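S.K.: Questions regarding the structure given below will be posed in turn.
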Protein chains: 2
Amino acid sequence: MTKRSYAILGTGAIGGLYGARLHAAGFPVRFLLNRDYEQVRDHGLRVDSIWGDLHLRDLDIYQDVAQMPPADVTIVALKTTQNSDLSTLLPPLVGDRGLALVLQNGLGVEDEIARMIGDRVLGGLCFTCSNKVAPGYIHHLDEGKIALGDFRPDGQPSGITDRLDAIATDLETAGIPIDRQADLILARWKKLMWNIPFNGLSAILNAKTDALVADPAIRTLAIELMQEIRAAAAAADRHIPADFIETMLTTTDAMRPYLTSMKLDLDHDRPLEVEAIFGNPIRAAQASGVAMPQTLTLYRQLKFLADRRSP
Amino acid sequence: MTKRSYAILGTGAIGGLYGARLHAAGFPVRFLLNRDYEQVRDHGLRVDSIWGDLHLRDLDIYQDVAQMPPADVTIVALKTTQNSDLSTLLPPLVGDRGLALVLQNGLGVEDEIARMIGDRVLGGLCFTCSNKVAPGYIHHLDEGKIALGDFRPDGQPSGITDRLDAIATDLETAGIPIDRQADLILARWKKLMWNIPFNGLSAILNAKTDALVADPAIRTLAIELMQEIRAAAAAADRHIPADFIETMLTTTDAMRPYLTSMKLDLDHDRPLEVEAIFGNPIRAAQASGVAMPQTLTLYRQLKFLADRRSP
């Protein structure tokens, strides 16, 4: 049986790590690269990983997504801030039968992709500590699991579909731990319970997670932000248990001090994923008549910081 | 007729400026100094001011408030963060017939002083751009008006009382512009309409007022913070016209770029007046059943920043 082909849009900390594992497992993988193209062409892609180091030469790499042939599965691992570029480029790549797997942060990212290519969209949430440390060089430091779910445009849970199971099996073959999710949207809301308080406050207050969670005022604020998110999720018929808030706090207590991805983006003058992580949940809640005033405060502060940094 | 005697607690940007003017106008003024005592004893107090420069030697200065004789009017110009020290020191200074004039930021500061000395308390809001630039050396750059009001422990407006008018007249004699306020608490809520958004966000986002007010997201946030304050004031029976919000914004548009006092305090590792400016209004609103969720978010962020800076 022919193995499914994969296209990787965005060969960074996420796309590079998972694309390299799929390639190493024998799947045909085509990589889109941008600034790192020459480096990878001349010196290959290096991935130092807790799963074993890889140094891959002769990869099938592209500088222009329009040059890439259609793939069975296109993994969208660009930042959400680049999604507007995809509306013309993604449809030919997905073609008539391909699927898109969106490995992005936040809420509503599958809806955005589905508006470009119809409902052939799945989503994944990466619980992965991975950084691009130099061009063509990725450090995968910890974790790595993907919570993988199928997508339905009507917002209902999809259950574990055949296409979800097939892609999950490919990724597991490549050594990637997968959690099959019957309800992708619930998984996204749950991930927001951590990302909204800790990514947001880490960037705004220039602080690591340990300092935030140990401060009584910020711990209380984090609880109230999570209560807002939980209420917004409930309005979307996604019910998160109340004790999940305490679980998020104690998980954060036990983490080593951590600069979040949003804080790192801010420090490196990269665009912040403010709309996917904050704007979309706030608007979804608003559409259901639920206000998120404290989340809204962070959202506006982050928009200010994002605007100030951009040229 | 003997002139009223004044004691100045806190000879900084505010106490130093107004105390110097009263002294120059011939009032007996006693100054409490802390770290600047030797400097002022040996070299006098310098006040460079838009009202004319003063260099005052042979002032009546003290290092210990317990050594100061009772005064007719004690001007409390310490930061609110030092108020806990006053409960034993202020009563002997005010004596049986003296008054305290509280030139401090925020809400509830007169109540705090009244718990120490009874209802012989007046309050003033300084609209003054003044900084201590070196020990014993104050720069008064702009403005300078004091909105002066009497205090009633029952929270009702006091009207223009005789004692208010007497002190206002003294200050005017010293060349200080005074706005007599029939309702001190209303004046305090109105000043919070600017201080909460602009002091708070300037410190949290490390930004000057011009950048804040020009950013669409922050301008909207400032409007919503002011709406919360306006609602909280209304719950305390203080009614601020709706168009006061727009007035605050256009006033800020017209100001030159300005680092707020709270931002300067943060930068210089000084205590932040978080409770007087944020905590007290939030608690007053809460007691009336009014929530201030966006103000609360700023309050918690500022407590984190204040705690992190303090030793």
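So you can find residues: chains in the structure tokens are A, B, ... in the order shown, residues in each start at 1, and ligands are numbered from 1 in order.
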Would you list the contacts of Thr220 (chain A) as number ranges by chain, taking every protein, DNA or RNA residue within 12 Å and counting only C-alpha atoms, but skipping same-chain residues closer than 5 positions in sequence?
M.R.: A: 197, 212-215, 225-227, 245-246, 249, 294; B: 296-297, 299-301, 303-304
S.K.: Check region 31-273 of chain A with DSSP on the backbone and list each residue it calls strand (DSSP E), as JSON, numbers by chain.
M.R.: {"A": [31, 32, 45, 46, 47, 48, 49, 54, 55, 56, 60, 61, 62, 73, 74, 75, 76, 99, 100, 101, 102, 121, 122, 123, 124, 125, 126, 127, 128, 129, 130, 131, 132, 133, 134, 137, 138, 139, 140, 141, 142, 143, 144, 145, 146, 147, 148, 149, 150, 178, 179, 180, 181]}
S.K.: Please produce a file of the residues just selected, as a compact mmCIF listing (two decimals), in the first residue's frame, where the atoms kept are N, CA and C atoms.
M.R.:
```txt
# COMPACT_ATOMS: atom_id res chain seq x y z
N PHE A 31 8.43 19.87 2.03
CA PHE A 31 8.54 20.95 3.01
C PHE A 31 8.53 22.31 2.33
N LEU A 32 7.71 23.21 2.83
CA LEU A 32 7.80 24.61 2.42
C LEU A 32 8.74 25.34 3.38
N LEU A 45 18.33 19.54 7.30
CA LEU A 45 17.51 19.96 8.45
C LEU A 45 17.96 19.18 9.68
N ARG A 46 18.31 19.89 10.72
CA ARG A 46 18.71 19.23 11.97
C ARG A 46 17.59 19.35 12.99
N VAL A 47 17.26 18.23 13.61
CA VAL A 47 16.28 18.23 14.69
C VAL A 47 16.89 17.48 15.87
N ASP A 48 17.29 18.22 16.88
CA ASP A 48 17.74 17.59 18.12
C ASP A 48 16.51 17.40 19.00
N SER A 49 16.25 16.14 19.37
CA SER A 49 14.96 15.82 19.98
C SER A 49 15.11 14.82 21.10
N LEU A 54 17.90 13.92 14.63
CA LEU A 54 17.85 13.65 13.19
C LEU A 54 18.64 14.73 12.47
N HIS A 55 19.35 14.32 11.42
CA HIS A 55 19.96 15.30 10.52
C HIS A 55 19.64 14.85 9.11
N LEU A 56 18.67 15.50 8.50
CA LEU A 56 18.09 15.02 7.24
C LEU A 56 18.58 15.86 6.07
N ASP A 60 12.74 16.96 0.27
CA ASP A 60 11.99 17.53 -0.85
C ASP A 60 11.49 18.91 -0.41
N ILE A 61 12.28 19.93 -0.74
CA ILE A 61 11.98 21.26 -0.18
C ILE A 61 11.58 22.26 -1.26
N TYR A 62 10.79 23.25 -0.84
CA TYR A 62 10.23 24.26 -1.75
C TYR A 62 10.32 25.62 -1.09
N VAL A 73 -2.10 14.87 2.62
CA VAL A 73 -2.35 15.64 3.86
C VAL A 73 -1.41 16.85 3.86
N THR A 74 -1.98 18.03 3.96
CA THR A 74 -1.18 19.24 4.08
C THR A 74 -1.22 19.70 5.54
N ILE A 75 -0.07 19.69 6.17
CA ILE A 75 0.00 20.13 7.57
C ILE A 75 0.26 21.64 7.58
N VAL A 76 -0.70 22.39 8.11
CA VAL A 76 -0.57 23.85 8.19
C VAL A 76 0.07 24.18 9.53
N LEU A 99 -6.47 16.44 2.36
CA LEU A 99 -6.94 16.97 3.64
C LEU A 99 -5.94 17.99 4.16
N ALA A 100 -6.43 18.93 4.95
CA ALA A 100 -5.53 19.83 5.67
C ALA A 100 -5.57 19.47 7.15
N LEU A 101 -4.41 19.41 7.76
CA LEU A 101 -4.32 19.22 9.21
C LEU A 101 -3.72 20.49 9.80
N VAL A 102 -4.52 21.19 10.58
CA VAL A 102 -4.14 22.51 11.07
C VAL A 102 -3.51 22.36 12.45
N VAL A 121 -10.91 19.25 6.62
CA VAL A 121 -10.00 19.86 7.58
C VAL A 121 -10.00 19.06 8.88
N LEU A 122 -8.84 18.80 9.38
CA LEU A 122 -8.69 18.27 10.74
C LEU A 122 -7.83 19.25 11.53
N GLY A 123 -7.81 19.10 12.83
CA GLY A 123 -7.02 20.02 13.64
C GLY A 123 -6.21 19.27 14.68
N GLY A 124 -5.11 19.85 15.06
CA GLY A 124 -4.30 19.26 16.10
C GLY A 124 -3.79 20.32 17.05
N LEU A 125 -3.73 19.96 18.32
CA LEU A 125 -3.15 20.85 19.32
C LEU A 125 -1.85 20.21 19.80
N CYS A 126 -0.79 20.96 19.65
CA CYS A 126 0.53 20.42 19.97
C CYS A 126 0.89 20.77 21.41
N PHE A 127 1.13 19.76 22.21
CA PHE A 127 1.64 19.96 23.57
C PHE A 127 3.13 19.66 23.51
N THR A 128 3.87 20.65 23.04
CA THR A 128 5.23 20.41 22.58
C THR A 128 6.11 21.58 22.99
N CYS A 129 7.22 21.25 23.60
CA CYS A 129 8.21 22.29 23.89
C CYS A 129 9.32 22.17 22.85
N SER A 130 9.24 23.00 21.83
CA SER A 130 10.16 22.91 20.69
C SER A 130 10.45 24.32 20.20
N ASN A 131 11.68 24.58 19.86
CA ASN A 131 12.07 25.91 19.38
C ASN A 131 12.95 25.77 18.16
N LYS A 132 12.83 26.71 17.24
CA LYS A 132 13.83 26.82 16.19
C LYS A 132 14.96 27.67 16.75
N VAL A 133 16.14 27.09 16.86
CA VAL A 133 17.24 27.81 17.50
C VAL A 133 18.17 28.48 16.48
N ALA A 134 18.10 28.04 15.23
CA ALA A 134 18.90 28.65 14.16
C ALA A 134 18.24 28.22 12.85
N TYR A 137 17.45 24.43 12.07
CA TYR A 137 17.92 23.74 13.28
C TYR A 137 16.88 23.89 14.38
N ILE A 138 16.32 22.74 14.75
CA ILE A 138 15.22 22.74 15.71
C ILE A 138 15.63 21.96 16.95
N HIS A 139 15.29 22.53 18.12
CA HIS A 139 15.47 21.82 19.38
C HIS A 139 14.10 21.41 19.91
N HIS A 140 13.89 20.13 20.05
CA HIS A 140 12.67 19.63 20.69
C HIS A 140 13.04 19.18 22.10
N LEU A 141 12.61 19.97 23.08
CA LEU A 141 13.12 19.84 24.44
C LEU A 141 12.29 18.94 25.34
N ASP A 142 10.96 18.94 25.11
CA ASP A 142 10.10 18.23 26.06
C ASP A 142 8.73 17.99 25.42
N GLU A 143 8.00 17.03 26.01
CA GLU A 143 6.64 16.72 25.57
C GLU A 143 6.62 16.38 24.07
N GLY A 144 5.50 16.64 23.42
CA GLY A 144 5.44 16.39 21.98
C GLY A 144 4.12 15.80 21.48
N LYS A 145 3.21 15.54 22.41
CA LYS A 145 1.95 14.90 22.05
C LYS A 145 1.07 15.85 21.22
N ILE A 146 0.34 15.27 20.27
CA ILE A 146 -0.66 16.04 19.53
C ILE A 146 -2.04 15.52 19.91
N ALA A 147 -2.93 16.43 20.29
CA ALA A 147 -4.35 16.09 20.47
C ALA A 147 -5.01 16.33 19.12
N LEU A 148 -5.45 15.26 18.48
CA LEU A 148 -5.87 15.32 17.09
C LEU A 148 -7.37 15.12 16.98
N GLY A 149 -8.05 16.00 16.25
CA GLY A 149 -9.49 15.87 16.11
C GLY A 149 -9.96 16.21 14.72
N ASP A 150 -11.11 15.67 14.35
CA ASP A 150 -11.69 16.03 13.06
C ASP A 150 -12.55 17.28 13.25
N ILE A 178 -0.13 10.45 20.03
CA ILE A 178 -1.37 11.08 19.58
C ILE A 178 -2.49 10.80 20.57
N ASP A 179 -3.26 11.84 20.89
CA ASP A 179 -4.52 11.68 21.62
C ASP A 179 -5.66 11.92 20.65
N ARG A 180 -6.39 10.88 20.29
CA ARG A 180 -7.54 11.07 19.40
C ARG A 180 -8.67 11.77 20.17
N GLN A 181 -9.16 12.86 19.60
CA GLN A 181 -10.18 13.67 20.26
C GLN A 181 -11.51 13.52 19.53
```
S.K.: Would you write out chain A as a compact mmCIF listing (two decimals) with C-alpha atoms, in the first residue's frame, after superposing it on chain B by least squares over all in-order Cα pairs?
M.R.:
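The resulting file, superposed_0.txt, is shown below:
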```txt
# COMPACT_ATOMS: atom_id res chain seq x y z
CA MET A 1 -4.28 88.61 62.96
CA THR A 2 -1.85 85.73 63.39
CA LYS A 3 -1.40 83.64 60.29
CA ARG A 4 -2.33 79.98 60.44
CA SER A 5 0.64 77.65 60.95
CA TYR A 6 1.28 74.78 58.56
CA ALA A 7 3.09 71.47 58.93
CA ILE A 8 4.20 69.65 55.78
CA LEU A 9 4.44 65.87 56.04
CA GLY A 10 6.42 64.79 53.03
CA THR A 11 8.58 67.50 51.48
CA GLY A 12 8.62 66.10 47.98
CA ALA A 13 7.26 67.20 44.62
CA ILE A 14 3.90 68.23 46.12
CA GLY A 15 4.62 69.04 49.77
CA GLY A 16 7.84 70.86 48.90
CA LEU A 17 6.23 72.97 46.18
CA TYR A 18 3.20 74.09 48.18
CA GLY A 19 5.06 74.37 51.50
CA ALA A 20 7.67 76.58 49.88
CA ARG A 21 4.98 78.89 48.45
CA LEU A 22 3.25 79.17 51.85
CA HIS A 23 6.59 79.91 53.54
CA ALA A 24 7.46 82.52 50.92
CA ALA A 25 4.07 84.16 51.54
CA GLY A 26 4.91 84.56 55.23
CA PHE A 27 3.01 81.65 56.76
CA PRO A 28 4.81 79.77 59.55
CA VAL A 29 5.58 76.41 57.92
CA ARG A 30 7.31 73.39 59.47
CA PHE A 31 8.66 70.75 57.10
CA LEU A 32 9.15 67.05 57.74
CA LEU A 33 12.06 65.68 55.74
CA ASN A 34 13.49 62.23 55.51
CA ARG A 35 16.45 61.42 53.28
CA ASP A 36 16.81 65.05 52.17
CA TYR A 37 17.17 66.49 55.69
CA GLU A 38 20.93 67.15 55.62
CA GLN A 39 20.79 68.59 52.12
CA VAL A 40 18.05 71.09 53.02
CA ARG A 41 19.65 71.94 56.37
CA ASP A 42 23.00 72.69 54.71
CA HIS A 43 21.93 74.07 51.35
CA GLY A 44 18.27 75.04 51.65
CA LEU A 45 15.27 73.97 49.55
CA ARG A 46 15.25 74.85 45.86
CA VAL A 47 12.02 75.03 43.91
CA ASP A 48 12.30 75.91 40.24
CA SER A 49 8.75 76.75 39.23
CA ILE A 50 6.68 78.25 36.46
CA TRP A 51 5.47 80.55 39.25
CA GLY A 52 9.03 81.82 39.87
CA ASP A 53 12.05 80.09 41.36
CA LEU A 54 12.59 79.92 45.10
CA HIS A 55 15.69 79.03 47.07
CA LEU A 56 14.74 78.92 50.73
CA ARG A 57 17.30 78.71 53.55
CA ASP A 58 16.67 78.60 57.31
CA LEU A 59 13.44 76.69 56.94
CA ASP A 60 11.91 75.15 60.05
CA ILE A 61 12.76 71.54 59.27
CA TYR A 62 12.39 68.24 61.14
CA GLN A 63 13.54 64.68 60.69
CA ASP A 64 11.07 63.21 63.15
CA VAL A 65 7.38 64.00 63.05
CA ALA A 66 7.22 63.36 66.82
CA GLN A 67 9.41 66.44 67.35
CA MET A 68 7.09 68.77 65.45
CA PRO A 69 4.76 71.00 67.49
CA PRO A 70 1.05 70.99 66.67
CA ALA A 71 0.06 73.06 63.64
CA ASP A 72 -3.20 74.67 62.62
CA VAL A 73 -3.10 72.79 59.32
CA THR A 74 -1.08 69.64 58.67
CA ILE A 75 -0.65 68.98 54.97
CA VAL A 76 -0.30 65.23 54.39
CA ALA A 77 1.78 64.96 51.23
CA LEU A 78 3.35 61.57 51.84
CA LYS A 79 2.61 58.78 49.41
CA THR A 80 -0.48 56.82 50.44
CA THR A 81 1.73 53.77 50.79
CA GLN A 82 3.21 55.38 53.92
CA ASN A 83 -0.12 56.14 55.61
CA SER A 84 0.07 53.26 58.07
CA ASP A 85 2.93 55.11 59.79
CA LEU A 86 0.69 58.08 60.49
CA SER A 87 -1.75 56.59 62.97
CA THR A 88 0.47 57.31 65.97
CA LEU A 89 2.29 60.34 64.59
CA LEU A 90 -0.50 62.43 63.14
CA PRO A 91 -2.83 62.86 66.18
CA PRO A 92 -0.31 64.81 68.35
CA LEU A 93 0.61 66.98 65.38
CA VAL A 94 -3.00 67.88 64.65
CA GLY A 95 -3.70 68.29 68.36
CA ASP A 96 -7.12 69.33 69.65
CA ARG A 97 -7.93 72.03 67.15
CA GLY A 98 -5.81 71.45 64.08
CA LEU A 99 -6.92 70.25 60.68
CA ALA A 100 -5.35 67.81 58.25
CA LEU A 101 -5.32 68.59 54.55
CA VAL A 102 -4.72 65.40 52.59
CA LEU A 103 -3.01 66.07 49.26
CA GLN A 104 -2.94 62.46 48.12
CA ASN A 105 -4.10 60.43 45.16
CA GLY A 106 -7.01 58.05 44.99
CA LEU A 107 -10.17 57.39 46.91
CA GLY A 108 -10.80 56.88 50.61
CA VAL A 109 -7.63 58.62 51.77
CA GLU A 110 -9.60 61.12 53.91
CA ASP A 111 -11.49 58.24 55.54
CA GLU A 112 -8.20 56.67 56.47
CA ILE A 113 -6.93 59.90 58.06
CA ALA A 114 -10.31 60.52 59.72
CA ARG A 115 -10.01 57.19 61.51
CA MET A 116 -6.87 58.62 63.14
CA ILE A 117 -8.00 62.14 64.03
CA GLY A 118 -11.78 62.36 63.63
CA ASP A 119 -13.52 64.47 61.04
CA ARG A 120 -11.11 67.42 61.04
CA VAL A 121 -9.97 66.46 57.58
CA LEU A 122 -10.03 68.22 54.24
CA GLY A 123 -8.75 66.89 50.95
CA GLY A 124 -7.09 68.27 47.89
CA LEU A 125 -6.42 66.94 44.43
CA CYS A 126 -3.31 68.34 42.85
CA PHE A 127 -3.35 68.94 39.11
CA THR A 128 0.36 69.54 39.11
CA CYS A 129 3.29 68.52 37.01
CA SER A 130 6.10 68.59 39.56
CA ASN A 131 9.04 66.30 40.22
CA LYS A 132 11.75 66.04 42.81
CA VAL A 133 14.85 65.99 40.62
CA ALA A 134 17.48 65.77 43.38
CA PRO A 135 17.56 65.92 47.19
CA GLY A 136 16.04 69.24 48.27
CA TYR A 137 15.44 70.25 44.65
CA ILE A 138 12.03 70.36 43.05
CA HIS A 139 11.05 71.17 39.47
CA HIS A 140 7.51 72.44 39.02
CA LEU A 141 7.01 72.21 35.27
CA ASP A 142 3.35 72.85 34.56
CA GLU A 143 -0.15 73.36 35.99
CA GLY A 144 -0.41 73.49 39.77
CA LYS A 145 -4.08 73.94 40.67
CA ILE A 146 -5.52 72.23 43.74
CA ALA A 147 -9.15 71.12 43.79
CA LEU A 148 -9.89 71.58 47.49
CA GLY A 149 -12.83 70.09 49.35
CA ASP A 150 -14.03 69.45 52.86
CA PHE A 151 -14.71 65.94 54.14
CA ARG A 152 -17.69 64.36 55.86
CA PRO A 153 -17.41 60.91 57.38
CA ASP A 154 -20.95 60.08 56.21
CA GLY A 155 -19.85 60.35 52.61
CA GLN A 156 -22.21 63.23 51.80
CA PRO A 157 -21.03 66.37 49.97
CA SER A 158 -19.85 68.96 52.50
CA GLY A 159 -20.53 72.08 50.48
CA ILE A 160 -18.14 75.02 50.74
CA THR A 161 -17.49 75.20 54.49
CA ASP A 162 -15.86 78.05 56.39
CA ARG A 163 -12.74 76.02 57.17
CA LEU A 164 -12.43 75.03 53.52
CA ASP A 165 -12.72 78.66 52.46
CA ALA A 166 -10.17 79.78 55.07
CA ILE A 167 -7.50 77.31 53.93
CA ALA A 168 -8.29 78.00 50.27
CA THR A 169 -7.75 81.70 50.93
CA ASP A 170 -4.36 81.01 52.61
CA LEU A 171 -3.24 78.99 49.59
CA GLU A 172 -4.46 81.64 47.18
CA THR A 173 -2.54 84.24 49.22
CA ALA A 174 0.53 82.11 48.52
CA GLY A 175 -0.22 82.30 44.79
CA ILE A 176 -1.63 78.79 44.45
CA PRO A 177 -4.70 78.48 42.19
CA ILE A 178 -7.56 76.79 44.06
CA ASP A 179 -10.84 75.26 42.88
CA ARG A 180 -13.22 75.09 45.84
CA GLN A 181 -15.16 71.83 45.61
CA ALA A 182 -18.59 71.44 47.17
CA ASP A 183 -18.21 67.66 46.72
CA LEU A 184 -14.73 66.33 47.31
CA ILE A 185 -15.71 62.71 46.62
CA LEU A 186 -17.13 63.60 43.22
CA ALA A 187 -13.86 65.38 42.42
CA ARG A 188 -11.93 62.28 43.47
CA TRP A 189 -14.02 59.98 41.27
CA LYS A 190 -13.53 62.34 38.35
CA LYS A 191 -9.78 62.33 38.82
CA LEU A 192 -9.85 58.52 38.88
CA MET A 193 -11.39 58.63 35.40
CA TRP A 194 -7.96 59.65 34.15
CA ASN A 195 -5.68 58.07 36.74
CA ILE A 196 -7.01 54.52 36.50
CA PRO A 197 -6.61 54.08 32.73
CA PHE A 198 -3.55 56.20 32.13
CA ASN A 199 -1.48 55.68 35.27
CA GLY A 200 -2.35 51.99 35.25
CA LEU A 201 -1.73 51.22 31.59
CA SER A 202 1.34 53.44 31.40
CA ALA A 203 2.96 51.33 34.14
CA ILE A 204 1.73 47.95 32.87
CA LEU A 205 2.51 48.54 29.19
CA ASN A 206 5.64 50.64 29.67
CA ALA A 207 4.24 53.44 27.53
CA LYS A 208 3.69 57.16 27.46
CA THR A 209 0.23 58.68 27.40
CA ASP A 210 0.40 59.67 23.72
CA ALA A 211 1.10 56.11 22.55
CA LEU A 212 -1.69 54.76 24.76
CA VAL A 213 -4.41 57.17 23.71
CA ALA A 214 -3.49 56.91 20.01
CA ASP A 215 -3.79 53.11 19.93
CA PRO A 216 -7.33 52.03 18.93
CA ALA A 217 -7.40 49.00 21.24
CA ILE A 218 -6.16 50.96 24.25
CA ARG A 219 -8.43 53.90 23.53
CA THR A 220 -11.38 51.50 23.60
CA LEU A 221 -10.08 49.91 26.80
CA ALA A 222 -9.69 53.36 28.38
CA ILE A 223 -13.29 54.18 27.46
CA GLU A 224 -14.54 50.96 29.02
CA LEU A 225 -12.46 51.50 32.16
CA MET A 226 -13.95 54.99 32.45
CA GLN A 227 -17.43 53.52 31.98
CA GLU A 228 -16.75 51.19 34.91
CA ILE A 229 -15.54 54.10 37.05
CA ARG A 230 -18.54 56.20 36.07
CA ALA A 231 -20.90 53.36 37.06
CA ALA A 232 -19.07 52.90 40.37
CA ALA A 233 -19.29 56.64 41.07
CA ALA A 234 -23.01 56.60 40.27
CA ALA A 235 -23.47 53.78 42.78
CA ALA A 236 -21.87 56.13 45.34
CA ASP A 237 -24.38 58.79 44.23
CA ARG A 238 -21.75 60.77 42.34
CA HIS A 239 -22.96 61.48 38.84
CA ILE A 240 -20.35 62.17 36.20
CA PRO A 241 -21.70 63.32 32.82
CA ALA A 242 -21.23 60.78 30.03
CA ASP A 243 -19.35 63.26 27.86
CA PHE A 244 -16.66 63.57 30.55
CA ILE A 245 -15.13 60.39 29.04
CA GLU A 246 -14.66 62.06 25.66
CA THR A 247 -13.28 65.14 27.42
CA MET A 248 -10.64 63.01 29.17
CA LEU A 249 -9.61 61.45 25.85
CA THR A 250 -9.32 64.71 23.93
CA THR A 251 -7.47 66.28 26.87
CA THR A 252 -5.01 63.39 26.71
CA ASP A 253 -4.75 63.70 22.92
CA ALA A 254 -3.67 67.31 23.40
CA MET A 255 -1.14 66.60 26.18
CA ARG A 256 2.49 66.29 25.35
CA PRO A 257 3.82 62.70 25.71
CA TYR A 258 3.88 62.00 29.41
CA LEU A 259 5.23 59.24 31.64
CA THR A 260 2.72 59.00 34.48
CA SER A 261 3.68 59.15 38.14
CA MET A 262 2.90 55.46 38.56
CA LYS A 263 5.18 54.56 35.66
CA LEU A 264 7.94 56.74 37.16
CA ASP A 265 7.41 55.11 40.57
CA LEU A 266 7.76 51.69 38.96
CA ASP A 267 10.89 52.69 37.07
CA HIS A 268 12.47 54.08 40.23
CA ASP A 269 11.56 51.09 42.38
CA ARG A 270 9.28 53.19 44.56
CA PRO A 271 6.05 51.77 46.05
CA LEU A 272 3.01 52.05 43.77
CA GLU A 273 -0.18 53.66 45.08
CA VAL A 274 -2.21 50.67 43.96
CA GLU A 275 -4.62 50.54 46.88
CA ALA A 276 -5.58 54.23 46.92
CA ILE A 277 -6.05 54.50 43.16
CA PHE A 278 -7.35 51.01 42.33
CA GLY A 279 -8.12 48.90 45.41
CA ASN A 280 -10.29 51.45 47.24
CA PRO A 281 -12.52 52.34 44.27
CA ILE A 282 -12.95 48.65 43.41
CA ARG A 283 -13.94 47.85 47.00
CA ALA A 284 -16.28 50.86 47.19
CA ALA A 285 -17.98 49.69 44.00
CA GLN A 286 -18.17 46.12 45.23
CA ALA A 287 -19.85 47.29 48.44
CA SER A 288 -22.53 48.87 46.23
CA GLY A 289 -22.89 45.72 44.16
CA VAL A 290 -21.06 47.13 41.13
CA ALA A 291 -18.35 45.02 39.49
CA MET A 292 -15.32 46.62 37.83
CA PRO A 293 -13.80 43.61 36.03
CA GLN A 294 -11.49 45.49 33.68
CA THR A 295 -10.27 47.80 36.43
CA LEU A 296 -9.77 44.68 38.56
CA THR A 297 -7.55 43.18 35.87
CA LEU A 298 -5.28 46.25 35.93
CA TYR A 299 -5.30 46.22 39.75
CA ARG A 300 -4.04 42.65 39.88
CA GLN A 301 -1.41 43.26 37.23
CA LEU A 302 -0.15 46.32 39.15
CA LYS A 303 -0.04 44.40 42.42
CA PHE A 304 2.17 41.85 40.66
CA LEU A 305 4.47 44.56 39.33
CA ALA A 306 4.56 46.31 42.72
CA ASP A 307 5.32 43.09 44.59
CA ARG A 308 8.00 42.07 42.14
CA ARG A 309 9.85 45.36 42.52
CA SER A 310 9.71 45.60 46.28
CA PRO A 311 12.53 43.95 48.24
```
S.K.: Enumerate as a PyMOL selection string all residues of region 34-277 of chain B assigned to alpha helix (DSSP H) by DSSP on the backbone, naming them with the chain letters and numbers the document uses.
M.R.: chain B and resi 37-43+86-94+109-117+162-173+184-194+200-205+209-214+216-235+244-254+261-267+274
